[in-house]
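The structure under discussion appears below in the form of structure tokens.
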Amino acid sequence: MCKNCVNFISQGKVGDTGFRNNSETLCFRPNFLLYALFILTSLDYMTRSIMNSSSTKTSFTKVACPFCGIHCDDLEITATGNALQVKNTTCFRAVEGFERHLPAEISPRINGEPVALDKAITKAANIIKKSGTPLFAGLGTDVSGHRNILQTADKVGGIVDHVLSEGIMRNILALSDRGWITTTLTEIRNRADLVVFVGTDATEHPRFHERILWAKEAMFVAPADREIVYLGKKLDTKPGISPKGKKPMSIPCDISELSTIMNTLTALIEDKPLQAKKAGGAKVTDLKKLADKIITAEYAVFIWSPPKLNFPNAELVVGAVSDLVRKLTETKRAAGFALGGDDGAASAAAVCAWQTGYPLRTNFSQGYPDYNPSRYSTNEILTSGQADALVWVSTFTSNRLPPESNIPTIVIGEPGMKFKTMPDVFIPAGTPGIDHVGKIVRVDSVVSLPMKQLRNAGLPSVASIFDRIYQAL
Amino acid sequence: MLIKLAGGKVYDPLNGIDGQVKDIYIRDGRIVDKPSKDETIHETYDVKGRVIMAGGIDPHTHIGGGKLNIARMMLPEDHEQDLVKHTSVTRAGCGHAAPSTLTTGYRYVEMGYTAGFEPAMLQANARQAHMEMADIPILDKGGYVMLGNDDMFMRLMAQGVEQEVMNNYVGWTISNFNAIAVKVVNPGGINAFKFNQRKLDLDEKHVYYQITPREVLKTLSRALVDLKVPHPLHVHGCNLGVPGNVETTLETIRGMEGLPLHLTHIQFHSFATEGDKNFSSGAARIADMVNQHKNISIDVGQIMFNQTVTASGDTMRQYAGHTHGSPKKWVVMDIECDNGCGVVPFKYTDKSYVNALQWAIGLETFLMVDDPWRVFLTTDHPNGAPFTSYPHLIRLLMDKSFRNDMLHTINKEAADMTVLGSIDREYSLYEIAIMTRAAPAKSLGLTDRGQLGVGAAADITVYKEMDNKEKMFEKPEYVFKDGELVAKNGKIVKVVNGTTHVVRPDYDKGIEKTLDDYYKKYHTVALDNLVVTEDEIIDEGRGSVTCHACSREDTLA
Ligand code: SF4
Ligand SMILES: [Zn+2]
């Protein structure tokens, strides 16, 4: 047998198991046995039993946060029964997410009446079975949740779309039109000497500045010396003040002018003569100053936030950033970076892409994946009446309610959701990273993080709910 | 359940069986001895006259991980031409150049393959690579973890630490990302590109760390030997696609001084500069060198004339190559002080001198390397061509007249520049069985796969023998995975889950302190959250992990 597997077991990294040793040199580990024993021996099990008693306090470290796309994984959290407390950050989104109140009543509901989970699953499965083309939307869940939703949608001929797809598509359209040169969080942290925020201030990721820009140490730059620039209006530029007190540069402009601004910067960098004094509402002299900074920087990073680019043809901004970075890369290094990725959006796009070839907005009603980034938006489907049932999934927040519609509606979501009209079926579900383990893809679509289980409130995962719905179909 | 495959012609090179007629018995997923007379045989397949081989093993195919997913998102127009409907047993998906994970699994199996290895698993992206591979049905899989461009590695090298420290880092990496081998891509070059270095030759110094690719290669290869990892260092060398890079490749082999290497997609590294166009074949020199150096194995990365997409960690060379890409859209990404990726669609055409010669270089290499145990059949899916072109490639290797017919259709100048037409060699079925299953299994240390001996996993492919080898290898009559019939006449009939093959070398866990400090200081993910645990792969029984012994026939002098 492989003696190092024994080593691994003694470290507690894998479950103990019997070895099927029909060859001297190999160890075979039948997974069912391993899994059974893993459950029995794993730390998870022990913490779970501790968590069950409501008076004991359990502490967790290196907790990954599910509440925004950058998924900080340095949180310290204590659990007292089902109540959680964030110990080492004041990030309002994390505090709000982890510390939100768990309602006393968390049982599933049919037309507002509490029922057993079995019943709710059967009812949901019946609605889906009866419908011709159900829409699976919201999709606020983790990788396993997405997998099982897609499996169900494939089987019944449904359509899938994420609540933040509008932003995702701004990126995807630019990607499938021309591509880009991008980077990831750790590269920015260690390498970026100039950071240009394009129409965003990143405040929707409250710890972005603290964790990435103003980190204590970096390998190739002095973080506090980074140059920060904001392009856009009504941006909170305060987090851009360096720890040494250096103020960021700010060039106000309308977001709809951003592609003009980026194109002007590209022209300036190419040394093209410009007659105009103003471009995209900004002074050309200011843009020239910025162009000079960009030229002298070793690794300029241009950051945009797809959800913030909320206007028609906003993918042109992404394209213009891509063009600028590509121009720069002819002679030096620079990169783009897209923020976003909240509500499991990056996982949704990634899993859908690897399972079907397409990032969301995909219709299975013809038996194969049919992708259409405009026609299969949640809004378009509901207004055009393409779907005859709505399955809304949202487990990260109680604020994302299903869109109004008059088709049968199933909601699988955060237990605190308050509905104007009660859906036909409501199944309160756990949040990945609080109620169950899971995996979530980070905003850069490279790193994915393991989510921990912090309490045992009896809330099922989206994956397990869809598994059961699928079985019942 | 006892199954008998009766009367087939067996090609099982690892057991020296070359077409002998033999019954094969399967019980509980394994090949077993002939049972005693009183035992009931539950199912008998009459396979008289059929060719039987172990399931195919692809040792280099980009099937899981972020760069393929970028390719998928970038190329909706490619999927459109090959949309795949669900059936009562299979899920919907898409095929061609950047197929969905589901379709990837089905199509490999329908073609008689039962294992495929993702050769470019980034530490930063390992979790996703494993998750994608978990969604590849039926097929066994495994990942080669990338080292030799990550800043951790470069720092240790620059500090001049002892080989043993490097060994510990390598061992830690393999074990903690559930890998089976290590790959290096453009050694140090991906990292150098982040410092705006545009070229890094074998003995050129990295501008920041002041180390050379040669040093990176030797250190990593030595580490794997010391750790007794079965598969040698998997190398995507310097200067990919650069005319004249044959010199670099030859010097890479010479310079290893006997240390084992696997040189991957060597076609892209075998370019000489003769002729009017300063582009010619270096295949003969490469083959000669490989023939002389038993420490070297290769795979070819054959190109085919079609639209495809190239996906590689080699940002430096992918960026340089984007000007030749088609359609004109491409992605380059710097990743996590770890590695990078570049995705560039390509359309290889037989009318292009360069592409036509690339096609010939690949085939020359296959045909001029003597030892099929050291040359594996790959197209570097999807970089040279999608894996679905393997049956066509096999026919090119087995059928000289077919090959020469094809040769007459390519760019005339390229046809004049290749010796292909003068090569008589035709691969035998036995040799095909070596290069598509026995040799990759042996090289990776999969002692119970790629062969049909008693005790081996019952991954078995049954072909109808035909003169047209492309037809023969396209749709095998039966494919068994761990003893279950999963495909019949090129159609999936049952879906099971394959395992993930890994190795776990011995190393000093003391290295974790160094790594943890480094991660705390510079990274955006905690070390504990970056590593991929075995139970994540097992994932409540969706997957399983098969760990192979670290032992190797030491090829060092
Ligand atoms: S910044 Fe985002 S990921 Fe980080 S703690 Fe706040 S909400 Fe969580
Ligand atoms: Zn490759």
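Labeling convention for the structure tokens: chains A, B, ... as they appear, residues from 1 per chain, ligands from 1 in order of appearance.
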
Write out as an NGL selection string each polymer residue whose atoms come within 12 Å of Phe364 (chain A), counting only C-alpha atoms; drop sequence neighbours fewer than 2 positions from it. (:A and (132-136 or 150-161 or 352 or 356 or 358 or 360-362 or 366-372 or 376 or 387)) or (:B and (83-86 or 91-93))

Keeping only C-alpha atoms, take the residues you just selected and write them out as a CSV table (one decimal), in the first residue's frame.
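See part_11.csv below for the written result:
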chain,number,residue,atom,x,y,z
A,132,GLY,CA,-43.7,23.3,-20.0
A,133,THR,CA,-40.7,25.7,-19.5
A,134,PRO,CA,-39.9,26.6,-15.9
A,135,LEU,CA,-37.5,29.5,-15.3
A,136,PHE,CA,-34.8,28.9,-12.7
A,150,LEU,CA,-28.7,22.7,-14.0
A,151,GLN,CA,-29.3,19.0,-13.7
A,152,THR,CA,-32.9,19.7,-13.0
A,153,ALA,CA,-33.3,22.4,-15.7
A,154,ASP,CA,-31.7,20.0,-18.3
A,155,LYS,CA,-34.1,17.3,-17.4
A,156,VAL,CA,-37.3,19.3,-17.5
A,157,GLY,CA,-36.3,21.7,-20.3
A,158,GLY,CA,-36.1,24.9,-18.2
A,159,ILE,CA,-34.2,28.2,-18.6
A,160,VAL,CA,-31.5,29.4,-16.2
A,161,ASP,CA,-30.5,32.9,-15.4
A,352,CYS,CA,-23.1,26.8,-16.3
A,356,THR,CA,-23.1,23.5,-21.0
A,358,TYR,CA,-22.5,28.8,-22.0
A,360,LEU,CA,-26.2,31.3,-18.0
A,361,ARG,CA,-29.2,32.6,-20.0
A,362,THR,CA,-29.5,29.2,-21.4
A,366,GLN,CA,-35.2,21.8,-27.0
A,367,GLY,CA,-33.1,19.2,-25.3
A,368,TYR,CA,-29.8,21.0,-25.9
A,369,PRO,CA,-28.4,24.2,-24.4
A,370,ASP,CA,-29.7,27.2,-26.3
A,371,TYR,CA,-28.0,30.4,-25.3
A,372,ASN,CA,-29.2,33.9,-25.8
A,376,TYR,CA,-33.2,34.6,-22.0
A,387,ALA,CA,-41.9,30.6,-18.9
B,83,LEU,CA,-24.9,21.2,-29.6
B,84,VAL,CA,-25.6,17.9,-27.9
B,85,LYS,CA,-29.0,16.9,-26.8
B,86,HIS,CA,-29.7,15.0,-23.6
B,91,ARG,CA,-27.0,15.2,-20.1
B,92,ALA,CA,-27.1,18.0,-22.7
B,93,GLY,CA,-23.9,19.9,-23.6

Could I get the residue neighbourhood of ligand 2 at 12 Å, counting only C-alpha atoms and all ligand atoms, as number ranges by chain? B: 58-64, 67-68, 117-121, 143-144, 146, 183-186, 234-237, 240, 263-268, 299-302, 309-314, 341-343, 378-387

Residues of chain A that approach ligand 1 to 6 Å or less, counting only C-alpha atoms and all ligand atoms: could you list each one with the shortest pair of atoms and its distance in Å to one decimal, rows by chain and increasing residue number, as CSV?
residue,atom,partner,partner_atom_place_in_ligand_line,distance
A:Cys65,CA,ligand 1,8 (Fe),4.5
A:Phe67,CA,ligand 1,7 (S),4.6
A:Cys68,CA,ligand 1,2 (Fe),4.0
A:Ile70,CA,ligand 1,3 (S),5.0
A:His71,CA,ligand 1,3 (S),3.7
A:Cys72,CA,ligand 1,4 (Fe),4.2
A:Cys91,CA,ligand 1,6 (Fe),4.7
A:Arg93,CA,ligand 1,7 (S),4.4
A:Ala94,CA,ligand 1,7 (S),4.4
A:His205,CA,ligand 1,1 (S),4.4
A:Pro206,CA,ligand 1,1 (S),4.5
A:Arg207,CA,ligand 1,1 (S),4.0
A:Phe208,CA,ligand 1,1 (S),6.0

Show me, as a PyMOL selection string, the residues of chain B whose atoms get within 6 Å of chain A, using only C-alpha atoms for the distance check. chain B and resi 69+72-74+84-86+92-93+100-101+124-125+196+329-337+504+522-524+544+546-549

Excluding Leu2 (chain B) and any residue of its chain fewer than 6 positions from it, enumerate the residues within 7 Å of it, using only C-alpha atoms, and give them as a PDB file with C-alpha atoms, in the first residue's frame.
ATOM      1  CA  TYR B  25     -13.131 -12.539 -17.161  1.00  0.00           C
ATOM      2  CA  ILE B  26     -14.433  -9.615 -15.138  1.00  0.00           C
ATOM      3  CA  ARG B  27     -15.695  -9.649 -11.575  1.00  0.00           C
ATOM      4  CA  ILE B  41     -20.904 -16.834 -15.714  1.00  0.00           C
ATOM      5  CA  HIS B  42     -23.642 -14.228 -15.669  1.00  0.00           C
ATOM      6  CA  GLU B  43     -22.942 -12.629 -18.987  1.00  0.00           C
TER       7      GLU B  43
END

Sel. of alpha helix (DSSP H) residues, region 117-239 of chain A, as a PyMOL selection string: chain A and resi 117-130+143-156+165-177+185-191+208

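Shell of Trp373 (chain B) at 9 Å, with only C-alpha atoms counted and residues fewer than 3 places along the chain excluded, is Ser297, Asp370, Phe376, Glu431, Ile434, Met435, Ala438, Ala439, Pro440, Lys442 and Ser443 of chain B.
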
Can you spit out the residues from that selection as a PDB file, in the first residue's frame, using all heavy atoms?
ATOM      1  N   SER B 297      10.829  11.123 -22.490  1.00  0.00           N
ATOM      2  CA  SER B 297       9.631  10.689 -23.199  1.00  0.00           C
ATOM      3  C   SER B 297       8.964  11.941 -23.762  1.00  0.00           C
ATOM      4  O   SER B 297       9.250  13.053 -23.301  1.00  0.00           O
ATOM      5  CB  SER B 297       8.683   9.924 -22.274  1.00  0.00           C
ATOM      6  OG  SER B 297       8.267  10.746 -21.197  1.00  0.00           O
ATOM      7  N   ASP B 370      11.723   5.762 -32.405  1.00  0.00           N
ATOM      8  CA  ASP B 370      11.674   4.303 -32.516  1.00  0.00           C
ATOM      9  C   ASP B 370      10.785   3.641 -31.465  1.00  0.00           C
ATOM     10  O   ASP B 370      10.111   2.670 -31.741  1.00  0.00           O
ATOM     11  CB  ASP B 370      13.095   3.719 -32.350  1.00  0.00           C
ATOM     12  CG  ASP B 370      14.029   4.221 -33.431  1.00  0.00           C
ATOM     13  OD1 ASP B 370      13.526   4.578 -34.511  1.00  0.00           O
ATOM     14  OD2 ASP B 370      15.251   4.268 -33.173  1.00  0.00           O
ATOM     15  N   PHE B 376       3.759   9.448 -26.745  1.00  0.00           N
ATOM     16  CA  PHE B 376       2.335   9.256 -26.479  1.00  0.00           C
ATOM     17  C   PHE B 376       1.508  10.009 -27.515  1.00  0.00           C
ATOM     18  O   PHE B 376       1.904  11.060 -28.001  1.00  0.00           O
ATOM     19  CB  PHE B 376       1.959   9.754 -25.079  1.00  0.00           C
ATOM     20  CG  PHE B 376       2.865   9.237 -23.990  1.00  0.00           C
ATOM     21  CD1 PHE B 376       3.123  10.008 -22.866  1.00  0.00           C
ATOM     22  CD2 PHE B 376       3.471   7.984 -24.084  1.00  0.00           C
ATOM     23  CE1 PHE B 376       3.961   9.544 -21.855  1.00  0.00           C
ATOM     24  CE2 PHE B 376       4.309   7.513 -23.086  1.00  0.00           C
ATOM     25  CZ  PHE B 376       4.558   8.298 -21.970  1.00  0.00           C
ATOM     26  N   GLU B 431       1.555  -1.458 -31.316  1.00  0.00           N
ATOM     27  CA  GLU B 431       2.207  -0.176 -31.020  1.00  0.00           C
ATOM     28  C   GLU B 431       1.189   0.906 -30.649  1.00  0.00           C
ATOM     29  O   GLU B 431       1.438   1.741 -29.779  1.00  0.00           O
ATOM     30  CB  GLU B 431       3.042   0.278 -32.222  1.00  0.00           C
ATOM     31  CG  GLU B 431       4.306  -0.540 -32.398  1.00  0.00           C
ATOM     32  CD  GLU B 431       5.051  -0.169 -33.669  1.00  0.00           C
ATOM     33  OE1 GLU B 431       4.410  -0.054 -34.730  1.00  0.00           O
ATOM     34  OE2 GLU B 431       6.281   0.018 -33.595  1.00  0.00           O
ATOM     35  N   ILE B 434       0.327   0.463 -27.208  1.00  0.00           N
ATOM     36  CA  ILE B 434       1.379   0.987 -26.328  1.00  0.00           C
ATOM     37  C   ILE B 434       1.194   2.492 -26.134  1.00  0.00           C
ATOM     38  O   ILE B 434       1.084   2.983 -25.017  1.00  0.00           O
ATOM     39  CB  ILE B 434       2.788   0.699 -26.899  1.00  0.00           C
ATOM     40  CG1 ILE B 434       3.077  -0.804 -26.886  1.00  0.00           C
ATOM     41  CG2 ILE B 434       3.858   1.437 -26.083  1.00  0.00           C
ATOM     42  CD1 ILE B 434       4.356  -1.194 -27.622  1.00  0.00           C
ATOM     43  N   MET B 435       1.135   3.218 -27.260  1.00  0.00           N
ATOM     44  CA  MET B 435       1.195   4.680 -27.130  1.00  0.00           C
ATOM     45  C   MET B 435      -0.101   5.293 -26.627  1.00  0.00           C
ATOM     46  O   MET B 435      -0.102   6.434 -26.168  1.00  0.00           O
ATOM     47  CB  MET B 435       1.635   5.320 -28.450  1.00  0.00           C
ATOM     48  CG  MET B 435       0.591   5.296 -29.526  1.00  0.00           C
ATOM     49  SD  MET B 435       1.303   5.638 -31.160  1.00  0.00           S
ATOM     50  CE  MET B 435       2.390   6.980 -30.829  1.00  0.00           C
ATOM     51  N   ALA B 438      -0.829   1.628 -22.705  1.00  0.00           N
ATOM     52  CA  ALA B 438       0.191   0.994 -21.861  1.00  0.00           C
ATOM     53  C   ALA B 438       1.263   1.995 -21.419  1.00  0.00           C
ATOM     54  O   ALA B 438       1.585   2.088 -20.225  1.00  0.00           O
ATOM     55  CB  ALA B 438       0.833  -0.165 -22.627  1.00  0.00           C
ATOM     56  N   ALA B 439       1.783   2.758 -22.372  1.00  0.00           N
ATOM     57  CA  ALA B 439       2.875   3.667 -22.037  1.00  0.00           C
ATOM     58  C   ALA B 439       2.440   4.802 -21.105  1.00  0.00           C
ATOM     59  O   ALA B 439       3.109   5.067 -20.102  1.00  0.00           O
ATOM     60  CB  ALA B 439       3.520   4.208 -23.310  1.00  0.00           C
ATOM     61  N   PRO B 440       1.306   5.471 -21.391  1.00  0.00           N
ATOM     62  CA  PRO B 440       0.879   6.501 -20.437  1.00  0.00           C
ATOM     63  C   PRO B 440       0.625   5.935 -19.036  1.00  0.00           C
ATOM     64  O   PRO B 440       0.977   6.563 -18.031  1.00  0.00           O
ATOM     65  CB  PRO B 440      -0.417   7.043 -21.035  1.00  0.00           C
ATOM     66  CG  PRO B 440      -0.399   6.667 -22.472  1.00  0.00           C
ATOM     67  CD  PRO B 440       0.466   5.455 -22.607  1.00  0.00           C
ATOM     68  N   LYS B 442       2.029   3.369 -17.630  1.00  0.00           N
ATOM     69  CA  LYS B 442       3.318   3.063 -17.013  1.00  0.00           C
ATOM     70  C   LYS B 442       4.004   4.349 -16.568  1.00  0.00           C
ATOM     71  O   LYS B 442       4.516   4.443 -15.447  1.00  0.00           O
ATOM     72  CB  LYS B 442       4.188   2.326 -18.030  1.00  0.00           C
ATOM     73  CG  LYS B 442       5.477   1.804 -17.456  1.00  0.00           C
ATOM     74  CD  LYS B 442       6.188   0.890 -18.439  1.00  0.00           C
ATOM     75  CE  LYS B 442       7.523   0.488 -17.878  1.00  0.00           C
ATOM     76  NZ  LYS B 442       8.595   0.660 -18.881  1.00  0.00           N
ATOM     77  N   SER B 443       3.960   5.334 -17.424  1.00  0.00           N
ATOM     78  CA  SER B 443       4.638   6.588 -17.118  1.00  0.00           C
ATOM     79  C   SER B 443       4.030   7.289 -15.909  1.00  0.00           C
ATOM     80  O   SER B 443       4.720   7.922 -15.129  1.00  0.00           O
ATOM     81  CB  SER B 443       4.571   7.501 -18.348  1.00  0.00           C
ATOM     82  OG  SER B 443       5.208   8.720 -18.073  1.00  0.00           O
TER      83      SER B 443
END
